[in-house]
Every structure is written in C-alpha cells, then in structure tokens.
>>> print(open('my_file_24.csv').read())   # CSV, C-alpha atoms and all ligand atoms
chain,number,residue,atom,x,y,z
A,1,MET,CA,136.5,27.1,123.4
A,2,SER,CA,139.6,26.5,121.4
A,3,ARG,CA,142.7,27.3,123.4
A,4,LYS,CA,144.6,27.1,120.2
A,5,VAL,CA,143.6,30.6,119.2
A,6,GLY,CA,144.8,32.2,122.5
A,7,LYS,CA,147.2,34.5,120.6
A,8,TYR,CA,144.4,35.6,118.3
A,9,ARG,CA,142.1,36.4,121.2
A,10,ALA,CA,144.8,38.2,123.2
A,11,LYS,CA,145.3,40.8,120.4
A,12,ARG,CA,141.6,41.7,120.1
A,13,LYS,CA,138.9,43.4,122.2
A,14,PHE,CA,135.6,41.7,121.2
A,15,ASP,CA,133.4,44.5,122.6
A,16,LYS,CA,135.1,46.8,120.0
A,17,THR,CA,135.7,44.6,116.9
A,18,SER,CA,133.0,42.6,115.0
A,19,GLU,CA,135.5,39.9,114.3
A,20,PRO,CA,134.6,36.4,115.6
A,21,SER,CA,135.8,35.7,119.1
A,22,GLY,CA,136.7,32.1,118.4
A,23,SER,CA,134.7,31.1,121.5
A,24,GLY,CA,132.0,29.2,119.7
A,25,ARG,CA,132.4,25.6,118.7
A,26,ALA,CA,132.9,25.6,115.0
A,27,ALA,CA,132.3,22.6,112.9
A,28,GLN,CA,135.5,20.6,112.5
A,29,GLY,CA,136.6,18.4,109.6
A,30,GLY,CA,137.1,19.5,106.0
A,31,THR,CA,139.9,21.5,104.5
A,32,ARG,CA,138.8,25.0,103.6
A,33,PHE,CA,141.0,27.8,102.5
A,34,VAL,CA,140.3,31.5,102.4
A,35,ILE,CA,142.1,34.6,101.1
A,36,GLN,CA,141.0,37.8,102.7
A,37,LYS,CA,142.0,41.2,101.3
A,38,HIS,CA,142.8,43.4,104.3
A,39,ASP,CA,143.0,47.1,103.8
A,40,ALA,CA,145.0,47.7,107.1
A,41,SER,CA,147.8,50.2,107.5
A,42,ASN,CA,149.4,48.2,104.7
A,43,LEU,CA,147.1,46.6,102.3
A,44,HIS,CA,147.7,42.8,102.2
A,45,TYR,CA,146.1,39.5,101.5
A,46,ASP,CA,145.6,37.0,104.4
A,47,PHE,CA,146.0,33.5,103.2
A,48,ARG,CA,144.5,30.9,105.5
A,49,LEU,CA,144.3,27.1,105.5
A,50,GLN,CA,142.2,25.1,107.7
A,51,VAL,CA,144.3,22.7,109.7
A,52,GLY,CA,142.3,20.8,112.3
A,53,ASP,CA,140.2,23.4,114.2
A,54,VAL,CA,142.1,26.5,113.3
A,55,LEU,CA,143.0,28.6,110.2
A,56,VAL,CA,146.8,28.6,109.8
A,57,SER,CA,147.5,32.1,108.5
A,58,TRP,CA,150.0,34.1,106.5
A,59,ALA,CA,149.9,37.8,105.5
A,60,VAL,CA,150.9,38.2,101.8
A,61,PRO,CA,151.6,41.9,101.0
A,62,LYS,CA,151.2,41.4,97.2
A,63,GLY,CA,148.7,38.6,97.3
A,64,PRO,CA,148.8,35.4,95.3
A,65,SER,CA,150.2,35.2,91.8
A,66,THR,CA,149.3,32.8,89.0
A,67,ASP,CA,152.8,33.0,87.6
A,68,PRO,CA,155.2,30.3,88.8
A,69,ARG,CA,158.1,32.7,88.4
A,70,ASP,CA,156.8,35.0,91.2
A,71,LYS,CA,157.8,34.4,94.8
A,72,ARG,CA,155.4,36.2,97.1
A,73,LEU,CA,156.5,37.0,100.6
A,74,ALA,CA,154.1,35.5,103.1
A,75,VAL,CA,154.6,36.3,106.8
A,76,ARG,CA,153.1,33.7,109.1
A,77,THR,CA,150.7,35.2,111.6
A,78,GLU,CA,148.7,33.9,114.5
A,79,ASP,CA,146.3,31.0,113.9
A,80,HIS,CA,142.7,32.3,113.5
A,81,PRO,CA,139.4,30.6,114.5
A,82,LEU,CA,137.6,28.7,111.8
A,83,GLU,CA,134.7,31.2,111.9
A,84,TYR,CA,137.0,33.8,110.6
A,85,ALA,CA,136.8,32.3,107.1
A,86,ASP,CA,133.5,34.1,106.6
A,87,PHE,CA,134.4,37.4,108.2
A,88,GLU,CA,133.9,40.4,106.1
A,89,GLY,CA,133.6,43.9,107.6
A,90,VAL,CA,135.5,46.8,109.2
A,91,ILE,CA,137.9,46.5,112.1
A,92,PRO,CA,137.5,49.8,114.0
A,93,GLU,CA,140.2,52.4,114.1
A,94,GLY,CA,142.6,51.9,117.0
A,95,GLU,CA,142.0,48.2,117.2
A,96,TYR,CA,144.4,45.4,116.1
A,97,GLY,CA,144.4,45.1,112.3
A,98,ALA,CA,142.1,48.2,111.9
A,99,GLY,CA,140.7,48.4,108.4
A,100,THR,CA,138.4,46.7,105.9
A,101,VAL,CA,138.3,43.0,105.3
A,102,LEU,CA,136.9,41.4,102.1
A,103,VAL,CA,136.6,37.7,101.3
A,104,TRP,CA,138.7,37.7,98.1
A,105,ASP,CA,138.6,34.0,97.4
A,106,HIS,CA,137.7,30.7,99.1
A,107,GLY,CA,137.2,27.0,98.5
A,108,ASP,CA,138.5,23.7,99.5
A,109,TYR,CA,142.1,22.6,99.3
A,110,ARG,CA,144.0,19.2,99.1
A,111,ASN,CA,147.3,18.5,100.7
A,112,LEU,CA,149.8,17.5,98.0
A,113,ARG,CA,152.7,16.5,100.1
A,114,THR,CA,153.6,12.8,100.5
A,115,SER,CA,156.2,11.4,102.9
A,116,LYS,CA,159.2,10.0,101.1
A,117,GLN,CA,159.1,6.7,103.0
A,118,ASP,CA,155.7,5.3,102.1
A,119,ASP,CA,154.1,7.7,99.6
A,120,GLU,CA,151.3,8.3,102.1
A,121,SER,CA,150.1,11.9,102.4
A,122,MET,CA,152.1,13.9,104.9
A,123,ASP,CA,149.9,15.5,107.5
A,124,MET,CA,149.7,19.3,107.4
A,125,LYS,CA,151.2,19.8,110.9
A,126,SER,CA,154.4,17.9,109.8
A,127,SER,CA,154.5,20.0,106.6
A,128,LEU,CA,154.2,23.2,108.6
A,129,ASP,CA,157.0,22.1,111.0
A,130,ASP,CA,159.1,21.0,108.0
A,131,GLY,CA,158.7,24.5,106.4
A,132,LEU,CA,157.2,23.2,103.2
A,133,VAL,CA,153.5,23.2,102.5
A,134,GLU,CA,152.1,22.1,99.1
A,135,VAL,CA,148.4,22.3,98.4
A,136,TRP,CA,146.0,22.1,95.6
A,137,LEU,CA,143.5,25.0,95.8
A,138,ASP,CA,140.0,24.9,94.3
A,139,GLY,CA,138.9,28.5,94.6
A,140,GLU,CA,136.8,30.7,92.5
A,141,LYS,CA,139.7,32.9,91.3
A,142,ILE,CA,142.7,30.9,92.3
A,143,SER,CA,143.2,27.2,91.6
A,144,GLY,CA,146.0,24.6,91.2
A,145,GLY,CA,149.1,23.8,93.1
A,146,TYR,CA,150.7,26.3,95.5
A,147,ALA,CA,153.8,25.9,97.6
A,148,LEU,CA,154.6,27.7,100.8
A,149,LYS,CA,158.3,27.6,101.7
A,150,ARG,CA,159.7,28.9,105.0
A,151,ILE,CA,162.8,31.0,104.4
A,152,GLU,CA,163.3,32.5,107.8
A,153,ASP,CA,162.1,31.4,111.3
A,154,GLY,CA,161.7,33.6,114.3
A,155,GLU,CA,159.0,35.9,115.8
A,156,LYS,CA,157.5,36.6,112.4
A,157,PRO,CA,158.5,33.6,110.3
A,158,GLN,CA,158.9,34.5,106.6
A,159,TRP,CA,157.7,32.2,103.9
A,160,LEU,CA,157.3,32.4,100.1
A,161,LEU,CA,154.0,31.7,98.4
A,162,ILE,CA,154.7,30.3,94.9
A,163,LYS,CA,152.4,29.0,92.2
A,164,MET,CA,153.4,25.5,91.1
A,165,ASP,CA,154.0,25.0,87.4
A,166,ASP,CA,150.8,23.1,86.4
A,167,ALA,CA,147.9,23.5,84.0
A,168,CYS,CA,146.4,26.2,86.2
A,169,ALA,CA,149.5,28.4,86.0
A,170,ASP,CA,149.1,31.5,83.9
A,171,ALA,CA,151.7,34.2,83.7
A,172,ARG,CA,149.3,36.7,82.1
A,173,ARG,CA,146.6,36.7,84.7
A,174,ARG,CA,146.6,39.4,87.4
A,175,PRO,CA,143.6,38.3,89.5
A,176,THR,CA,144.3,40.7,92.4
A,177,SER,CA,143.9,43.6,89.9
A,178,THR,CA,141.2,42.3,87.5
A,179,GLN,CA,139.0,40.4,90.1
A,180,PRO,CA,138.9,42.7,93.1
A,181,LEU,CA,135.4,41.9,94.4
A,182,SER,CA,134.3,39.7,97.3
A,183,VAL,CA,133.4,36.2,96.4
A,184,GLU,CA,131.0,36.2,99.3
A,185,SER,CA,129.0,39.4,98.7
A,186,GLY,CA,130.2,40.9,95.4
A,187,ARG,CA,131.2,44.1,97.2
A,188,ASP,CA,134.4,46.0,96.9
A,189,LEU,CA,136.4,47.5,99.8
A,190,ASP,CA,134.6,50.8,99.6
A,191,ASP,CA,131.1,49.1,99.6
A,192,ILE,CA,132.0,47.2,102.7
A,193,ALA,CA,133.2,50.3,104.5
A,194,THR,CA,130.1,52.3,103.5
A,195,ASP,CA,127.7,49.4,104.5
A,196,THR,CA,129.4,49.2,107.8
A,197,GLU,CA,129.0,53.0,108.5
A,198,LYS,CA,125.3,52.7,107.8
A,199,ASP,CA,124.8,49.9,110.4
A,201,MN,MN,145.5,40.9,108.0
>>> encode(input="my_file_24.csv", output="structure tokens")
Amino acid sequence: MSRKVGKYRAKRKFDKTSEPSGSGRAAQGGTRFVIQKHDASNLHYDFRLQVGDVLVSWAVPKGPSTDPRDKRLAVRTEDHPLEYADFEGVIPEGEYGAGTVLVWDHGDYRNLRTSKQDDESMDMKSSLDDGLVEVWLDGEKISGGYALKRIEDGEKPQWLLIKMDDACADARRRPTSTQPLSVESGRDLDDIATDTEKD
C-alpha cells in the first residue's frame, strides 16, 4: 500500500464511498493526466498529474481554458492514488467530496521544464517544490502546453493554471461548456447520477 496517499485515505470511509482506497498496487511508470469534473458543493474540475505512484492534484473552480490570457485559480489538494484516474461515479451525501465525478479529459503528458544548468529535463518533484510546473498535455479535449504557477503557499496552496501560447492555444474555444461529456463513458453528470441510483 502506498503510504503517500495517507491524507487521501484519512479523509474517506471506504465502506461508504465507491472511490478507490489506494490500497491496491497500481502499475507505476508512465505519465498520465486526468481532469475530473466534480459536482460537489461547488462544481470544480480536478486536475491531476501522475508523478511517480500518485496523482498530484489541484481543484480548478472554472476548469482549464484554451486562452493564454486566462489565469485559472488551482488549489492544490491531497495526492490521490493512481487508480483514481479512472474513477467515475457518485460520492454519497455526507461523505468527503460528496457529489458526482465525471472523467472530463485524460491522456498522457510530457514535462516541459528543463534545468537551467544543463538543459536536461527537470524532474517533476523539483518543479512542484519550485512552484512552477510546465507540461505538454495530449488529451482528447485539451492539448498543448500548460503552466501551473504557485502564487501562495500554506494549508491550501494556491496556484494558477495557464494555457501556454502555442499552436494549441485558442481564445475562442470553451471546451468546458461545449464538450461536457465524459471521455470514458460518453455520459453527462445527470446520467452518472441516475445510473448510480439504479445500481
Ligand atoms: Mn474534487
């Protein structure tokens, strides 16, 4: 079991929620990302990057933008287990993060940061400590370079999620509005909630 997701486990009762417990041994290696739309008390998008054997996570109230002029608040949350990347369902009322979760986008990412000294790629943990993450996303809805910049540390560190100005930038797109469905199941939030009730 990964001790690294202790905070994640402490917040949840796994006899109540269908979220993964993080107690299994997930395949390591690879660099996946996932963006989960989460209809909790406040609707937000959870942006997660695989770093080693966890998903480093931020809650983004407005979700990602494809316009480089937008700076989207991203609040760093607890690391999640890798299995969470496939989780879609309903977290029951009264439980931590209660509400419907939909896999809004996913794919692989590449780390774009290089260290100034030798031009070698900077490892993700150093980028996180440094408060600047730059990644190239290959998703189904979202692609291209994105930067995450820490603007305030503390209990709930605040970062900004910003589209980098590259060929994938597009100020006219509004993917959170025009492409609301799950990339995993094609369902919308209501479908997932209804399907869960039927179970
Ligand atoms: Mn969330």
>>> residues_near_ligand(input="my_file_24.csv", ligand="ligand MN 201 (chain A)", cutoff="12 Å", atoms="only C-alpha atoms and all ligand atoms", output="compact mmCIF listing (two decimals) with C-alpha atoms, in the frame of the given file")
# COMPACT_ATOMS: atom_id res chain seq x y z
CA TYR A 8 144.40 35.60 118.30
CA GLU A 19 135.50 39.90 114.30
CA ILE A 35 142.10 34.60 101.10
CA GLN A 36 141.00 37.80 102.70
CA LYS A 37 142.00 41.20 101.30
CA HIS A 38 142.80 43.40 104.30
CA ASP A 39 143.00 47.10 103.80
CA ALA A 40 145.00 47.70 107.10
CA SER A 41 147.80 50.20 107.50
CA ASN A 42 149.40 48.20 104.70
CA LEU A 43 147.10 46.60 102.30
CA HIS A 44 147.70 42.80 102.20
CA TYR A 45 146.10 39.50 101.50
CA ASP A 46 145.60 37.00 104.40
CA PHE A 47 146.00 33.50 103.20
CA ARG A 48 144.50 30.90 105.50
CA SER A 57 147.50 32.10 108.50
CA TRP A 58 150.00 34.10 106.50
CA ALA A 59 149.90 37.80 105.50
CA VAL A 60 150.90 38.20 101.80
CA PRO A 61 151.60 41.90 101.00
CA GLY A 63 148.70 38.60 97.30
CA ALA A 74 154.10 35.50 103.10
CA VAL A 75 154.60 36.30 106.80
CA ARG A 76 153.10 33.70 109.10
CA THR A 77 150.70 35.20 111.60
CA GLU A 78 148.70 33.90 114.50
CA ASP A 79 146.30 31.00 113.90
CA HIS A 80 142.70 32.30 113.50
CA TYR A 84 137.00 33.80 110.60
CA PHE A 87 134.40 37.40 108.20
CA GLU A 88 133.90 40.40 106.10
CA VAL A 90 135.50 46.80 109.20
CA ILE A 91 137.90 46.50 112.10
CA TYR A 96 144.40 45.40 116.10
CA GLY A 97 144.40 45.10 112.30
CA ALA A 98 142.10 48.20 111.90
CA GLY A 99 140.70 48.40 108.40
CA THR A 100 138.40 46.70 105.90
CA VAL A 101 138.30 43.00 105.30
CA LEU A 102 136.90 41.40 102.10
CA VAL A 103 136.60 37.70 101.30
>>> closest_residue(input="my_file_24.csv", among="A:Ser23, A:Arg72, A:Asp129, A:Val34", to="Ala147 of chain A", atoms="all atoms listed in the file")
A:Arg72
>>> atom_distance(input="my_file_24.csv", atom1="atom CA of Ser177 of chain A", atom2="atom CA of Glu140 of chain A")
15.0 Å
>>> closest_residue(input="my_file_24.csv", among="A:His106, A:Lys71, A:Arg9, A:Arg174", to="Phe33 of chain A", atoms="all atoms listed in the file")
A:His106
>>> atom_distance(input="my_file_24.csv", atom1="atom CA of Leu112 of chain A", atom2="atom CA of Asp130 of chain A")
14.1 Å
>>> atom_distance(input="my_file_24.csv", atom1="atom CA of Val135 of chain A", atom2="atom CA of Arg69 of chain A")
17.4 Å
>>> closest_residue(input="my_file_24.csv", among="A:Gly131, A:Ser143, A:Thr17, A:Met124", to="Pro175 of chain A", atoms="all atoms listed in the file")
A:Ser143
>>> closest_residue(input="my_file_24.csv", among="A:Ile192, A:Val54, A:Leu148, A:Ile142", to="Leu128 of chain A", atoms="all atoms listed in the file")
A:Leu148
>>> closest_residue(input="my_file_24.csv", among="A:Gly139, A:Gly52, A:Pro68, A:Gly89", to="Arg187 of chain A", atoms="all atoms listed in the file")
A:Gly89
>>> residues_around(input="my_file_24.csv", residues="Ser21 of chain A", least_positions_apart="5", cutoff="12 Å", atoms="all atoms listed in the file", output="list in words")
Met1, Ser2, Arg3, Val5, Gly6, Lys7, Tyr8, Arg9, Ala10, Lys11, Arg12, Lys13, Phe14, Asp15, Lys16, Ala26, His80, Pro81, Leu82, Glu83, Tyr84 and Phe87 of chain A
>>> write_last_selection(input="my_file_24.csv", atoms="C-alpha atoms", output="PDB file, keeping the file's coordinate frame")
ATOM      1  CA  MET A   1     136.500  27.100 123.400  1.00  0.00           C
ATOM      2  CA  SER A   2     139.600  26.500 121.400  1.00  0.00           C
ATOM      3  CA  ARG A   3     142.700  27.300 123.400  1.00  0.00           C
ATOM      4  CA  VAL A   5     143.600  30.600 119.200  1.00  0.00           C
ATOM      5  CA  GLY A   6     144.800  32.200 122.500  1.00  0.00           C
ATOM      6  CA  LYS A   7     147.200  34.500 120.600  1.00  0.00           C
ATOM      7  CA  TYR A   8     144.400  35.600 118.300  1.00  0.00           C
ATOM      8  CA  ARG A   9     142.100  36.400 121.200  1.00  0.00           C
ATOM      9  CA  ALA A  10     144.800  38.200 123.200  1.00  0.00           C
ATOM     10  CA  LYS A  11     145.300  40.800 120.400  1.00  0.00           C
ATOM     11  CA  ARG A  12     141.600  41.700 120.100  1.00  0.00           C
ATOM     12  CA  LYS A  13     138.900  43.400 122.200  1.00  0.00           C
ATOM     13  CA  PHE A  14     135.600  41.700 121.200  1.00  0.00           C
ATOM     14  CA  ASP A  15     133.400  44.500 122.600  1.00  0.00           C
ATOM     15  CA  LYS A  16     135.100  46.800 120.000  1.00  0.00           C
ATOM     16  CA  ALA A  26     132.900  25.600 115.000  1.00  0.00           C
ATOM     17  CA  HIS A  80     142.700  32.300 113.500  1.00  0.00           C
ATOM     18  CA  PRO A  81     139.400  30.600 114.500  1.00  0.00           C
ATOM     19  CA  LEU A  82     137.600  28.700 111.800  1.00  0.00           C
ATOM     20  CA  GLU A  83     134.700  31.200 111.900  1.00  0.00           C
ATOM     21  CA  TYR A  84     137.000  33.800 110.600  1.00  0.00           C
ATOM     22  CA  PHE A  87     134.400  37.400 108.200  1.00  0.00           C
TER      23      PHE A  87
END
>>> residues_around(input="my_file_24.csv", residues="Arg113 of chain A", least_positions_apart="4", cutoff="9 Å", atoms="all atoms listed in the file", output="PDB file with C-alpha atoms, keeping the file's coordinate frame")
ATOM      1  CA  ASP A 119     154.100   7.700  99.600  1.00  0.00           C
ATOM      2  CA  GLU A 120     151.300   8.300 102.100  1.00  0.00           C
ATOM      3  CA  SER A 121     150.100  11.900 102.400  1.00  0.00           C
ATOM      4  CA  MET A 122     152.100  13.900 104.900  1.00  0.00           C
ATOM      5  CA  ASP A 123     149.900  15.500 107.500  1.00  0.00           C
ATOM      6  CA  MET A 124     149.700  19.300 107.400  1.00  0.00           C
ATOM      7  CA  SER A 127     154.500  20.000 106.600  1.00  0.00           C
ATOM      8  CA  LEU A 132     157.200  23.200 103.200  1.00  0.00           C
ATOM      9  CA  VAL A 133     153.500  23.200 102.500  1.00  0.00           C
ATOM     10  CA  GLU A 134     152.100  22.100  99.100  1.00  0.00           C
ATOM     11  CA  VAL A 135     148.400  22.300  98.400  1.00  0.00           C
TER      12      VAL A 135
END
>>> closest_residue(input="my_file_24.csv", among="A:Pro20, A:Arg173, A:Asp153, A:Pro92", to="Ala193 of chain A", atoms="only C-alpha atoms")
A:Pro92
>>> residues_around(input="my_file_24.csv", residues="Ser182 of chain A", least_positions_apart="2", cutoff="8 Å", atoms="all atoms listed in the file", output="list in words")
Leu102, Val103, Trp104, Asp105, Pro180, Glu184, Ser185, Gly186, Arg187 and Asp188 of chain A
>>> decode(input="my_file_24.csv", residues="segment 119-137 of chain A", atoms="N, CA, C and O atoms", output="CSV table (one decimal), in the first residue's frame")
chain,number,residue,atom,x,y,z
A,119,ASP,N,20.2,21.9,-19.3
A,119,ASP,CA,19.2,21.7,-20.3
A,119,ASP,C,18.6,20.3,-20.2
A,119,ASP,O,17.8,19.9,-21.1
A,120,GLU,N,18.9,19.6,-19.2
A,120,GLU,CA,18.2,18.3,-19.0
A,120,GLU,C,16.9,18.5,-18.4
A,120,GLU,O,16.6,19.6,-17.8
A,121,SER,N,15.9,17.6,-18.6
A,121,SER,CA,14.6,17.9,-18.1
A,121,SER,C,14.6,17.9,-16.6
A,121,SER,O,15.3,17.1,-16.0
A,122,MET,N,13.9,18.8,-16.0
A,122,MET,CA,13.9,18.9,-14.5
A,122,MET,C,12.8,18.0,-14.0
A,122,MET,O,11.8,17.8,-14.7
A,123,ASP,N,13.1,17.2,-13.0
A,123,ASP,CA,12.1,16.2,-12.5
A,123,ASP,C,10.9,16.9,-11.9
A,123,ASP,O,11.0,18.1,-11.5
A,124,MET,N,9.8,16.2,-12.0
A,124,MET,CA,8.5,16.8,-11.6
A,124,MET,C,8.5,17.3,-10.1
A,124,MET,O,7.9,18.3,-9.8
A,125,LYS,N,9.2,16.5,-9.3
A,125,LYS,CA,9.1,16.8,-7.9
A,125,LYS,C,9.8,18.1,-7.6
A,125,LYS,O,9.4,19.0,-6.8
A,126,SER,N,11.0,18.4,-8.3
A,126,SER,CA,11.7,19.6,-8.2
A,126,SER,C,10.8,20.8,-8.7
A,126,SER,O,10.8,21.9,-8.1
A,127,SER,N,10.1,20.5,-9.8
A,127,SER,CA,9.2,21.6,-10.4
A,127,SER,C,8.1,21.9,-9.4
A,127,SER,O,7.8,23.1,-9.2
A,128,LEU,N,7.6,20.9,-8.7
A,128,LEU,CA,6.5,21.2,-7.7
A,128,LEU,C,7.0,22.0,-6.6
A,128,LEU,O,6.4,22.9,-6.1
A,129,ASP,N,8.2,21.6,-6.1
A,129,ASP,CA,8.8,22.3,-4.9
A,129,ASP,C,9.1,23.7,-5.3
A,129,ASP,O,9.0,24.6,-4.5
A,130,ASP,N,9.5,23.9,-6.6
A,130,ASP,CA,9.9,25.2,-7.1
A,130,ASP,C,8.7,26.1,-7.4
A,130,ASP,O,8.8,27.3,-7.6
A,131,GLY,N,7.5,25.5,-7.4
A,131,GLY,CA,6.3,26.2,-7.7
A,131,GLY,C,6.0,26.6,-9.1
A,131,GLY,O,5.3,27.5,-9.4
A,132,LEU,N,6.6,25.9,-10.0
A,132,LEU,CA,6.4,26.1,-11.4
A,132,LEU,C,6.4,24.8,-12.2
A,132,LEU,O,7.5,24.1,-12.2
A,133,VAL,N,5.3,24.4,-12.7
A,133,VAL,CA,5.2,23.1,-13.5
A,133,VAL,C,4.8,23.5,-14.9
A,133,VAL,O,3.9,24.4,-15.1
A,134,GLU,N,5.5,23.0,-15.9
A,134,GLU,CA,5.1,23.2,-17.3
A,134,GLU,C,5.0,21.9,-17.9
A,134,GLU,O,6.0,21.1,-18.0
A,135,VAL,N,3.9,21.6,-18.5
A,135,VAL,CA,3.6,20.3,-19.1
A,135,VAL,C,3.0,20.4,-20.5
A,135,VAL,O,2.3,21.4,-20.7
A,136,TRP,N,3.2,19.4,-21.3
A,136,TRP,CA,2.5,19.3,-22.6
A,136,TRP,C,1.4,18.2,-22.4
A,136,TRP,O,1.8,17.1,-22.1
A,137,LEU,N,0.2,18.6,-22.6
A,137,LEU,CA,-0.9,17.6,-22.5
A,137,LEU,C,-1.4,17.1,-23.8
A,137,LEU,O,-1.5,17.9,-24.8
